[in-house]
There are 2 protein chains.
Amino acid sequence: MKIADKTITSLLPILLVASALRADPLPSWEETPAKTEIIQFVESTTDPESDSYVPPAERIATFDNDGTLWSEQPMYSQLFFIFDRVNELAPKHPDWKTQEPFASVLKGDYAKALSGGDKAIMELVAATSSGMTSEEYSDAVRDWIKTAKNPEKKMLYTDMVFQPMLELLTYLRAEGYKTYIVSGGGIDFMRVFAEEVYGIPPEQVVGSELQAKFAMQDGVPVMIKESSLDFIDDKAGKPLGIYQHIGRRPIFAAGNSDGDMQMLQYTTVRRSSDDDLPRFGLLVHHDDADREWAYDRDSHFGKLDKALDAASDNDWLVVSMKDDWVSIYPAASSASSKE
Amino acid sequence: MKIADKTITSLLPILLVASALRADPLPSWEETPAKTEIIQFVESTTDPESDSYVPPAERIATFDNDGTLWSEQPMYSQLFFIFDRVNELAPKHPDWKTQEPFASVLKGDYAKALSGGDKAIMELVAATSSGMTSEEYSDAVRDWIKTAKNPEKKMLYTDMVFQPMLELLTYLRAEGYKTYIVSGGGIDFMRVFAEEVYGIPPEQVVGSELQAKFAMQDGVPVMIKESSLDFIDDKAGKPLGIYQHIGRRPIFAAGNSDGDMQMLQYTTVRRSSDDDLPRFGLLVHHDDADREWAYDRDSHFGKLDKALDAASDNDWLVVSMKDDWVSIYPAASSASSKE
Ligand SMILES: [Ca+2]
Ligand SMILES: [Ca+2]
């Protein structure tokens with residue numbers, strides 16, 4: 001033990017030099033002020049000599065998912081999953097042919113299906129997941145996400161993640177940050193691919209939740225998903241989810257819509273003069289109609305209006321996908337790179 | 001980067017040898033089969049050559065708190081905190097002098113105060129925490145736990161933790177396990193000292209929860225504790241809390257009462273023939289009246305009855321505090337060591 005400890009300690013200078021010589025941690029970010037600001041924040045919070053040094057335990061970074069880590073147009077990916085499930089289950093439910101919102105889904109009229117608002121969505125969620133065990137649900141998501149494609153981009157959803165954000169997640173983790181997803185999407189939906197796609201384990205995913213109950217099924221203990229909502233992880237629900245799951249305030253939070261405003265406030269607004277940890281708020285601005293989609297104040301999905309106004313008051317970084325990112329999607333999707 | 005990586009790789013054999021030579025990881029455990037069984041499980045799950053090897057991401061271990069990590073007699077420590085808070089707040093509530101359950105608390109008749117059952121306890125919880133911000137509440141716990149003492153042992157509550165269990169937590173973490181608390185106690189109560197006392201950070205504490213709401217208070221975003229229960233992390237609530245917070249099944253779970261039975265079932269009962277990860281259930285049996293307390297099937301706090309019956313069927317390890325532990329509390333409390 002002694003030997004190993006000593007050897008590791010003597011290695012530290014080498015590791016520090018290696019870190020300084022490390023290649024650009026954010027190669028898919030343009031050399032604009034956005035990139036500089038992020039790197040300066042991360043370097044200052046992890047340099048023990050800096051006034052802004054933050055102990056590793058406090059290096060909590062939270063990321064919204066839809067529109068922040070992956071695309072959310074023409075609608076949230078989870079809605080496509082739900083609609084595909086409705087079609088899959090329809091043979092067992094002949095009544096759906098005439099019963100809204102199912103009838104519209106079966107006709108492919110998604111806009112009409114969604115026109116029923118939250119109530120319609122909850123009916124669809126309940127019909128396609130309640131009564132399943134958590135494993136059965138996860139298996140269904142796992143199967144779906146392997147082959148389902150975005151109807152406009154004709155790409156797998158897991159290929160429509162933002163390469164610059166993947167680099168940011170990796171960079172933060174390499175610098176001792178613990179990265180979390182805090183999303184309005186369903187927690188069980190995201191947990192299936194978060195580890196593989198984002199490097200974020202299930203215990204670091206916070207999301208909306210259906211009620212669930214423990215049951216012994218043929219002698220096997222399982223969790224059964226129920227039909228009523230337990231928690232909506234959006235707007236004021238995001239800091240609540242952070243408080244419940246993480247139990248301390250992040251020092252870094254990234255989002256892309258008004259649903260993230262309270263999370264960014266909770267992360268960055270100082271409590272008192274003693275509250276002096278450095279803090280960073282980031283908003284991804286979808287302004288690249290050529291490579292992705294351009295939308296903000298008037299969008300149905302991912303509306304960015306109040307939070308955009310709040311950004312300058314709160315000194316949040318607004319990232320332009322068009323100007324600040326070299327590429328949008330990972331390299332395999334060459335179509336998304338600038339020429 | 002290359003240099004550092006190569007040096008680390010060449011270090012691996014030294015680290016492995018150092019690990020094999022390491023001193024006894026459980027010095028406060030007697031040389032009984034309990035200790036052997038634990039060490040064999042940990043070694044086999046962490047040895048890449050073993051058939052029982054478990055990848056680090058799946059090494060999740062969950063621990064009940066009251067009666068498993070610290071003493072819970074003559075009643076749960078959190079109840080003492082609540083009763084002390086009632087006394088502290090009483091001058092502002094003259095009506096409490098004649099209103100139950102407060103009147104009995106103020107007279108020091110805790111048994112009578114608790115005779116009102118869950119309803120009485122919830123009234124006391126609400127009266128002593130609702131309306132506070134999460135920070136105000138944490139500060140109150142932090143102040144209290146620095147000086148409050150168990151009325152029978154005259155020891156600080158944080159000194160009444162079980163030394164053998166502290167060693168087990170440290171041992172599991174050293175072997176790549178992620179350790180969690182999953183307790184019926186209040187999540188905010190435990191988070192205050194879990195990191196310092198158990199080495200478990202707030203994000204790895206699961207507990208019972210009051211509802212809470214996000215609010216802007218004088219421009220500062222805070223969480224306000226409310227008066228109704230949101231979640232009871234006991235019995236079937238424990239696997240539910242694990243599912244919600246962790247999102248995967250533990251492979252190791254430790255408890256001491258019937259409230260832990262479902263957590264141990266969820267952890268150890270195989271789902272199917274494919275479910276072949278090694279699994280470990282542990283029950284701490286309070287059978288040491290001399291050094292701690294002796295109680296099980298008839299105890300009001302920490303009743304161990306059904307779970308004790310289930311232990312042999314499920315192959316759970318029942319740890320005898322009397323026979324399997326060299327000492328109960330950390331060394332400073334010399335009174336608790338065997339002569
Ligand atoms: Ca979003
Ligand atoms: Ca217990």
# chains A, B, ... in the order shown; residues from 1 in each chain; ligands from 1

$ select_by_dssp --residues "segment 218-291 of chain B" --states "strand (DSSP E or B)" --output "list in words"
Val220, Pro221, Val222, Met223, Ile224, Lys225, Glu226, Ser227, Ser228, Leu229, Asp230, Phe231, Phe252, Ala253, Ala254, Gly255, Phe280, Gly281, Leu282, Leu283, Val284, His285 and Asp287 of chain B

$ residues_around --residues "Thr62 of chain A" --least-positions-apart "6" --cutoff "12 Å" --atoms "only C-alpha atoms" --output "ChimeraX atom specification"
/A:68-69,168-169,172-173,177-183,200,204-207,238-239,241-243,245-246,248-255,260,263-264,266-268,279-282

$ residues_around --residues "Ile39 of chain A" --least-positions-apart "4" --cutoff "12 Å" --atoms "only C-alpha atoms" --output "VMD selection string"
chain A and resid 24 to 27 29 31 to 35 43 to 47 167 to 168 171 to 172 175 280

$ closest_atom_pairs --of "chain A" --to "ligand 1" --cutoff "6 Å" --atoms "only C-alpha atoms and all ligand atoms" --output "tab-separated table"
residue	atom	partner	partner_atom_place_in_ligand_line	distance
A:Asp64	CA	ligand 1	1 (Ca)	5.6
A:Asn65	CA	ligand 1	1 (Ca)	5.8
A:Asp66	CA	ligand 1	1 (Ca)	4.2
A:Gly67	CA	ligand 1	1 (Ca)	4.6
A:Thr68	CA	ligand 1	1 (Ca)	5.7
A:Gly255	CA	ligand 1	1 (Ca)	5.9
A:Asn256	CA	ligand 1	1 (Ca)	5.1
A:Ser257	CA	ligand 1	1 (Ca)	5.4
A:Gly302	CA	ligand 1	1 (Ca)	5.4

$ residues_around --residues "segment 92-106 of chain A" --least-positions-apart "2" --cutoff "10 Å" --atoms "only C-alpha atoms" --output "PDB file with all heavy atoms, in the first residue's frame"
ATOM      1  N   ILE A  82     -43.741   6.904 -28.004  1.00  0.00           N
ATOM      2  CA  ILE A  82     -45.103   6.640 -27.532  1.00  0.00           C
ATOM      3  C   ILE A  82     -46.037   6.354 -28.708  1.00  0.00           C
ATOM      4  O   ILE A  82     -46.837   5.408 -28.674  1.00  0.00           O
ATOM      5  CB  ILE A  82     -45.609   7.832 -26.690  1.00  0.00           C
ATOM      6  CG1 ILE A  82     -44.829   7.895 -25.367  1.00  0.00           C
ATOM      7  CG2 ILE A  82     -47.116   7.744 -26.435  1.00  0.00           C
ATOM      8  CD1 ILE A  82     -44.990   9.189 -24.606  1.00  0.00           C
ATOM      9  N   PHE A  83     -45.925   7.146 -29.764  1.00  0.00           N
ATOM     10  CA  PHE A  83     -46.789   6.940 -30.936  1.00  0.00           C
ATOM     11  C   PHE A  83     -46.499   5.589 -31.596  1.00  0.00           C
ATOM     12  O   PHE A  83     -47.414   4.877 -32.023  1.00  0.00           O
ATOM     13  CB  PHE A  83     -46.623   8.091 -31.939  1.00  0.00           C
ATOM     14  CG  PHE A  83     -47.115   9.410 -31.408  1.00  0.00           C
ATOM     15  CD1 PHE A  83     -46.711  10.620 -31.978  1.00  0.00           C
ATOM     16  CD2 PHE A  83     -48.005   9.478 -30.338  1.00  0.00           C
ATOM     17  CE1 PHE A  83     -47.182  11.841 -31.497  1.00  0.00           C
ATOM     18  CE2 PHE A  83     -48.473  10.693 -29.846  1.00  0.00           C
ATOM     19  CZ  PHE A  83     -48.059  11.880 -30.433  1.00  0.00           C
ATOM     20  N   ASP A  84     -45.219   5.238 -31.659  1.00  0.00           N
ATOM     21  CA  ASP A  84     -44.880   3.931 -32.229  1.00  0.00           C
ATOM     22  C   ASP A  84     -45.439   2.803 -31.365  1.00  0.00           C
ATOM     23  O   ASP A  84     -45.897   1.782 -31.889  1.00  0.00           O
ATOM     24  CB  ASP A  84     -43.357   3.787 -32.381  1.00  0.00           C
ATOM     25  CG  ASP A  84     -42.821   4.615 -33.558  1.00  0.00           C
ATOM     26  OD1 ASP A  84     -43.649   5.149 -34.327  1.00  0.00           O
ATOM     27  OD2 ASP A  84     -41.591   4.730 -33.698  1.00  0.00           O
ATOM     28  N   VAL A  86     -48.158   2.982 -29.546  1.00  0.00           N
ATOM     29  CA  VAL A  86     -49.605   2.935 -29.784  1.00  0.00           C
ATOM     30  C   VAL A  86     -49.884   2.089 -31.026  1.00  0.00           C
ATOM     31  O   VAL A  86     -50.749   1.204 -31.020  1.00  0.00           O
ATOM     32  CB  VAL A  86     -50.203   4.351 -29.941  1.00  0.00           C
ATOM     33  CG1 VAL A  86     -51.637   4.275 -30.472  1.00  0.00           C
ATOM     34  CG2 VAL A  86     -50.174   5.098 -28.607  1.00  0.00           C
ATOM     35  N   ASN A  87     -49.144   2.320 -32.071  1.00  0.00           N
ATOM     36  CA  ASN A  87     -49.338   1.527 -33.290  1.00  0.00           C
ATOM     37  C   ASN A  87     -49.057   0.050 -33.055  1.00  0.00           C
ATOM     38  O   ASN A  87     -49.784  -0.820 -33.549  1.00  0.00           O
ATOM     39  CB  ASN A  87     -48.423   2.069 -34.404  1.00  0.00           C
ATOM     40  CG  ASN A  87     -49.045   3.276 -35.088  1.00  0.00           C
ATOM     41  OD1 ASN A  87     -50.023   3.148 -35.820  1.00  0.00           O
ATOM     42  ND2 ASN A  87     -48.518   4.465 -34.827  1.00  0.00           N
ATOM     43  N   GLU A  88     -48.033  -0.227 -32.269  1.00  0.00           N
ATOM     44  CA  GLU A  88     -47.651  -1.601 -31.985  1.00  0.00           C
ATOM     45  C   GLU A  88     -48.730  -2.317 -31.168  1.00  0.00           C
ATOM     46  O   GLU A  88     -49.012  -3.496 -31.383  1.00  0.00           O
ATOM     47  CB  GLU A  88     -46.332  -1.541 -31.199  1.00  0.00           C
ATOM     48  CG  GLU A  88     -45.600  -2.833 -31.051  1.00  0.00           C
ATOM     49  CD  GLU A  88     -44.377  -2.632 -30.137  1.00  0.00           C
ATOM     50  OE1 GLU A  88     -43.762  -1.524 -30.172  1.00  0.00           O
ATOM     51  OE2 GLU A  88     -44.065  -3.553 -29.360  1.00  0.00           O
ATOM     52  N   LEU A  89     -49.307  -1.577 -30.199  1.00  0.00           N
ATOM     53  CA  LEU A  89     -50.286  -2.198 -29.300  1.00  0.00           C
ATOM     54  C   LEU A  89     -51.712  -2.184 -29.857  1.00  0.00           C
ATOM     55  O   LEU A  89     -52.611  -2.826 -29.308  1.00  0.00           O
ATOM     56  CB  LEU A  89     -50.271  -1.487 -27.933  1.00  0.00           C
ATOM     57  CG  LEU A  89     -48.959  -1.554 -27.135  1.00  0.00           C
ATOM     58  CD1 LEU A  89     -49.040  -0.647 -25.898  1.00  0.00           C
ATOM     59  CD2 LEU A  89     -48.656  -2.996 -26.695  1.00  0.00           C
ATOM     60  N   ALA A  90     -51.922  -1.435 -30.941  1.00  0.00           N
ATOM     61  CA  ALA A  90     -53.280  -1.220 -31.460  1.00  0.00           C
ATOM     62  C   ALA A  90     -54.080  -2.504 -31.720  1.00  0.00           C
ATOM     63  O   ALA A  90     -55.272  -2.554 -31.409  1.00  0.00           O
ATOM     64  CB  ALA A  90     -53.227  -0.358 -32.718  1.00  0.00           C
ATOM     65  N   GLY A 108     -51.896   8.757 -37.974  1.00  0.00           N
ATOM     66  CA  GLY A 108     -50.657   9.486 -38.261  1.00  0.00           C
ATOM     67  C   GLY A 108     -50.810  10.986 -38.109  1.00  0.00           C
ATOM     68  O   GLY A 108     -49.912  11.751 -38.478  1.00  0.00           O
ATOM     69  N   ASP A 109     -51.935  11.423 -37.560  1.00  0.00           N
ATOM     70  CA  ASP A 109     -52.147  12.860 -37.373  1.00  0.00           C
ATOM     71  C   ASP A 109     -51.695  13.244 -35.963  1.00  0.00           C
ATOM     72  O   ASP A 109     -52.487  13.421 -35.045  1.00  0.00           O
ATOM     73  CB  ASP A 109     -53.637  13.183 -37.565  1.00  0.00           C
ATOM     74  CG  ASP A 109     -53.898  14.686 -37.603  1.00  0.00           C
ATOM     75  OD1 ASP A 109     -52.980  15.456 -37.215  1.00  0.00           O
ATOM     76  OD2 ASP A 109     -55.005  15.086 -38.001  1.00  0.00           O
ATOM     77  N   TYR A 110     -50.366  13.370 -35.817  1.00  0.00           N
ATOM     78  CA  TYR A 110     -49.793  13.590 -34.494  1.00  0.00           C
ATOM     79  C   TYR A 110     -50.206  14.946 -33.916  1.00  0.00           C
ATOM     80  O   TYR A 110     -50.419  15.086 -32.707  1.00  0.00           O
ATOM     81  CB  TYR A 110     -48.272  13.467 -34.537  1.00  0.00           C
ATOM     82  CG  TYR A 110     -47.800  12.074 -34.930  1.00  0.00           C
ATOM     83  CD1 TYR A 110     -46.520  11.860 -35.423  1.00  0.00           C
ATOM     84  CD2 TYR A 110     -48.643  10.965 -34.787  1.00  0.00           C
ATOM     85  CE1 TYR A 110     -46.078  10.582 -35.769  1.00  0.00           C
ATOM     86  CE2 TYR A 110     -48.217   9.679 -35.128  1.00  0.00           C
ATOM     87  CZ  TYR A 110     -46.936   9.499 -35.621  1.00  0.00           C
ATOM     88  OH  TYR A 110     -46.504   8.245 -35.960  1.00  0.00           O
ATOM     89  N   ALA A 111     -50.323  15.938 -34.779  1.00  0.00           N
ATOM     90  CA  ALA A 111     -50.700  17.274 -34.295  1.00  0.00           C
ATOM     91  C   ALA A 111     -52.078  17.217 -33.647  1.00  0.00           C
ATOM     92  O   ALA A 111     -52.291  17.767 -32.560  1.00  0.00           O
ATOM     93  CB  ALA A 111     -50.690  18.277 -35.445  1.00  0.00           C
ATOM     94  N   LYS A 112     -52.985  16.511 -34.289  1.00  0.00           N
ATOM     95  CA  LYS A 112     -54.327  16.415 -33.712  1.00  0.00           C
ATOM     96  C   LYS A 112     -54.306  15.612 -32.407  1.00  0.00           C
ATOM     97  O   LYS A 112     -54.981  15.956 -31.433  1.00  0.00           O
ATOM     98  CB  LYS A 112     -55.294  15.775 -34.719  1.00  0.00           C
ATOM     99  CG  LYS A 112     -56.748  15.904 -34.266  1.00  0.00           C
ATOM    100  CD  LYS A 112     -57.755  15.459 -35.317  1.00  0.00           C
ATOM    101  CE  LYS A 112     -59.151  15.420 -34.715  1.00  0.00           C
ATOM    102  NZ  LYS A 112     -60.049  14.527 -35.462  1.00  0.00           N
ATOM    103  N   ALA A 113     -53.500  14.549 -32.392  1.00  0.00           N
ATOM    104  CA  ALA A 113     -53.401  13.748 -31.165  1.00  0.00           C
ATOM    105  C   ALA A 113     -52.909  14.609 -30.001  1.00  0.00           C
ATOM    106  O   ALA A 113     -53.394  14.495 -28.876  1.00  0.00           O
ATOM    107  CB  ALA A 113     -52.460  12.566 -31.383  1.00  0.00           C
ATOM    108  N   LEU A 114     -51.972  15.486 -30.294  1.00  0.00           N
ATOM    109  CA  LEU A 114     -51.385  16.327 -29.243  1.00  0.00           C
ATOM    110  C   LEU A 114     -52.257  17.527 -28.894  1.00  0.00           C
ATOM    111  O   LEU A 114     -52.021  18.201 -27.890  1.00  0.00           O
ATOM    112  CB  LEU A 114     -49.986  16.814 -29.667  1.00  0.00           C
ATOM    113  CG  LEU A 114     -48.934  15.716 -29.797  1.00  0.00           C
ATOM    114  CD1 LEU A 114     -47.645  16.298 -30.360  1.00  0.00           C
ATOM    115  CD2 LEU A 114     -48.673  15.065 -28.443  1.00  0.00           C
ATOM    116  N   SER A 115     -53.263  17.805 -29.745  1.00  0.00           N
ATOM    117  CA  SER A 115     -54.090  18.988 -29.496  1.00  0.00           C
ATOM    118  C   SER A 115     -54.883  18.836 -28.195  1.00  0.00           C
ATOM    119  O   SER A 115     -55.367  19.808 -27.630  1.00  0.00           O
ATOM    120  CB  SER A 115     -55.035  19.242 -30.671  1.00  0.00           C
ATOM    121  OG  SER A 115     -55.972  18.180 -30.755  1.00  0.00           O
ATOM    122  N   GLY A 116     -55.006  17.617 -27.696  1.00  0.00           N
ATOM    123  CA  GLY A 116     -55.672  17.402 -26.409  1.00  0.00           C
ATOM    124  C   GLY A 116     -54.822  17.810 -25.217  1.00  0.00           C
ATOM    125  O   GLY A 116     -55.252  17.648 -24.078  1.00  0.00           O
ATOM    126  N   GLY A 117     -53.612  18.304 -25.477  1.00  0.00           N
ATOM    127  CA  GLY A 117     -52.765  18.820 -24.396  1.00  0.00           C
ATOM    128  C   GLY A 117     -52.275  17.745 -23.442  1.00  0.00           C
ATOM    129  O   GLY A 117     -52.203  16.558 -23.786  1.00  0.00           O
ATOM    130  N   LYS A 119     -53.546  16.282 -20.969  1.00  0.00           N
ATOM    131  CA  LYS A 119     -54.455  15.185 -20.657  1.00  0.00           C
ATOM    132  C   LYS A 119     -54.316  14.069 -21.710  1.00  0.00           C
ATOM    133  O   LYS A 119     -54.230  12.886 -21.377  1.00  0.00           O
ATOM    134  CB  LYS A 119     -55.896  15.710 -20.626  1.00  0.00           C
ATOM    135  CG  LYS A 119     -56.919  14.674 -20.204  1.00  0.00           C
ATOM    136  CD  LYS A 119     -58.307  15.292 -20.074  1.00  0.00           C
ATOM    137  CE  LYS A 119     -59.402  14.232 -20.033  1.00  0.00           C
ATOM    138  NZ  LYS A 119     -59.589  13.539 -21.340  1.00  0.00           N
ATOM    139  N   ALA A 120     -54.269  14.482 -22.966  1.00  0.00           N
ATOM    140  CA  ALA A 120     -54.118  13.505 -24.048  1.00  0.00           C
ATOM    141  C   ALA A 120     -52.770  12.795 -23.942  1.00  0.00           C
ATOM    142  O   ALA A 120     -52.682  11.568 -24.102  1.00  0.00           O
ATOM    143  CB  ALA A 120     -54.248  14.206 -25.397  1.00  0.00           C
ATOM    144  N   ILE A 121     -51.728  13.567 -23.662  1.00  0.00           N
ATOM    145  CA  ILE A 121     -50.395  12.948 -23.558  1.00  0.00           C
ATOM    146  C   ILE A 121     -50.370  11.928 -22.426  1.00  0.00           C
ATOM    147  O   ILE A 121     -49.848  10.819 -22.575  1.00  0.00           O
ATOM    148  CB  ILE A 121     -49.306  14.033 -23.368  1.00  0.00           C
ATOM    149  CG1 ILE A 121     -49.206  14.875 -24.653  1.00  0.00           C
ATOM    150  CG2 ILE A 121     -47.963  13.409 -23.016  1.00  0.00           C
ATOM    151  CD1 ILE A 121     -48.231  16.023 -24.581  1.00  0.00           C
ATOM    152  N   GLU A 123     -52.844  10.243 -21.246  1.00  0.00           N
ATOM    153  CA  GLU A 123     -53.590   9.037 -21.645  1.00  0.00           C
ATOM    154  C   GLU A 123     -52.716   8.128 -22.509  1.00  0.00           C
ATOM    155  O   GLU A 123     -52.753   6.903 -22.370  1.00  0.00           O
ATOM    156  CB  GLU A 123     -54.835   9.427 -22.445  1.00  0.00           C
ATOM    157  CG  GLU A 123     -56.023   9.800 -21.576  1.00  0.00           C
ATOM    158  CD  GLU A 123     -57.248  10.101 -22.437  1.00  0.00           C
ATOM    159  OE1 GLU A 123     -57.799   9.160 -23.037  1.00  0.00           O
ATOM    160  OE2 GLU A 123     -57.623  11.292 -22.528  1.00  0.00           O
ATOM    161  N   LEU A 124     -51.952   8.753 -23.393  1.00  0.00           N
ATOM    162  CA  LEU A 124     -51.075   7.977 -24.270  1.00  0.00           C
ATOM    163  C   LEU A 124     -49.949   7.320 -23.471  1.00  0.00           C
ATOM    164  O   LEU A 124     -49.608   6.151 -23.685  1.00  0.00           O
ATOM    165  CB  LEU A 124     -50.491   8.877 -25.367  1.00  0.00           C
ATOM    166  CG  LEU A 124     -51.528   9.415 -26.369  1.00  0.00           C
ATOM    167  CD1 LEU A 124     -50.942  10.565 -27.178  1.00  0.00           C
ATOM    168  CD2 LEU A 124     -51.997   8.290 -27.301  1.00  0.00           C
ATOM    169  N   ALA A 127     -51.439   4.439 -21.428  1.00  0.00           N
ATOM    170  CA  ALA A 127     -51.822   3.292 -22.256  1.00  0.00           C
ATOM    171  C   ALA A 127     -50.618   2.518 -22.761  1.00  0.00           C
ATOM    172  O   ALA A 127     -50.716   1.326 -23.042  1.00  0.00           O
ATOM    173  CB  ALA A 127     -52.668   3.761 -23.433  1.00  0.00           C
TER     174      ALA A 127
END

$ closest_residue --among "B:Tyr198, B:Trp325, B:Phe301, B:Tyr53" --to "ligand 2" --atoms "only C-alpha atoms and all ligand atoms"
B:Phe301

$ residues_around --residues "Gln265 of chain A" --least-positions-apart "4" --cutoff "7 Å" --atoms "only C-alpha atoms" --output "list in words"
Met261 and Val269 of chain A; Pro221 of chain B

$ select_by_dssp --residues "segment 129-296 of chain B" --states "alpha helix (DSSP H)" --output "ChimeraX atom specification"
/B:129,134-147,163-174,187-193,237-245,261-268

$ atom_distance --atom1 "atom CA of Ser327 of chain B" --atom2 "atom CA of Asn150 of chain B"
18.6 Å

$ residues_around --residues "segment 160-162 of chain B" --least-positions-apart "2" --cutoff "6 Å" --atoms "only C-alpha atoms" --output "list in words"
Leu69, Trp70, Ser71, Tyr157, Thr158, Pro164, Met165, Ile328 and Tyr329 of chain B

$ write_last_selection --atoms "N, CA, C and O atoms" --output "tab-separated table (two decimals), in the first residue's frame"
chain	number	residue	atom	x	y	z
B	69	LEU	N	-26.62	1.27	10.70
B	69	LEU	CA	-25.36	2.02	10.74
B	69	LEU	C	-25.16	2.73	12.09
B	69	LEU	O	-24.04	3.08	12.43
B	70	TRP	N	-26.24	2.99	12.79
B	70	TRP	CA	-26.11	3.57	14.14
B	70	TRP	C	-27.26	3.07	15.01
B	70	TRP	O	-28.22	2.49	14.50
B	71	SER	N	-27.16	3.28	16.32
B	71	SER	CA	-28.15	2.78	17.27
B	71	SER	C	-29.49	3.48	17.08
B	71	SER	O	-29.54	4.63	16.63
B	157	TYR	N	-24.91	11.31	19.16
B	157	TYR	CA	-25.49	10.36	18.21
B	157	TYR	C	-24.47	9.94	17.14
B	157	TYR	O	-24.41	8.78	16.75
B	158	THR	N	-23.67	10.88	16.71
B	158	THR	CA	-22.68	10.57	15.66
B	158	THR	C	-21.54	9.70	16.18
B	158	THR	O	-20.72	9.22	15.39
B	164	PRO	N	-17.89	-1.62	13.01
B	164	PRO	CA	-17.75	-2.66	11.98
B	164	PRO	C	-18.45	-2.29	10.67
B	164	PRO	O	-17.98	-2.64	9.59
B	165	MET	N	-19.55	-1.54	10.77
B	165	MET	CA	-20.25	-1.14	9.55
B	165	MET	C	-19.51	-0.01	8.84
B	165	MET	O	-19.51	0.06	7.60
B	328	ILE	N	-18.39	-2.23	19.12
B	328	ILE	CA	-19.63	-1.69	18.56
B	328	ILE	C	-19.40	-0.28	18.02
B	328	ILE	O	-19.62	-0.02	16.83
B	329	TYR	N	-18.95	0.59	18.89
B	329	TYR	CA	-18.76	1.98	18.49
B	329	TYR	C	-17.28	2.28	18.21
B	329	TYR	O	-16.41	1.51	18.63

$ residues_around --residues "segment 291-294 of chain A" --least-positions-apart "2" --cutoff "12 Å" --atoms "only C-alpha atoms" --output "number ranges by chain"
A: 67, 70-75, 152-153, 160-162, 284-289, 296-299, 301-304, 320-323, 325-329, 333-339

$ closest_residue --among "B:Ala61, B:Ala148, B:Ala215, B:Val125" --to "chain A" --atoms "only C-alpha atoms"
B:Ala215

$ closest_residue --among "B:Lys149, B:Met223, B:Arg271, B:Tyr76" --to "ligand 2" --atoms "only C-alpha atoms and all ligand atoms"
B:Tyr76

$ closest_residue --among "B:Asp305, B:Asp315, B:Asp258, B:Asp276" --to "ligand 2" --atoms "only C-alpha atoms and all ligand atoms"
B:Asp258

$ atom_distance --atom1 "atom CA of Asp143 of chain A" --atom2 "atom CA of Arg270 of chain B"
23.0 Å
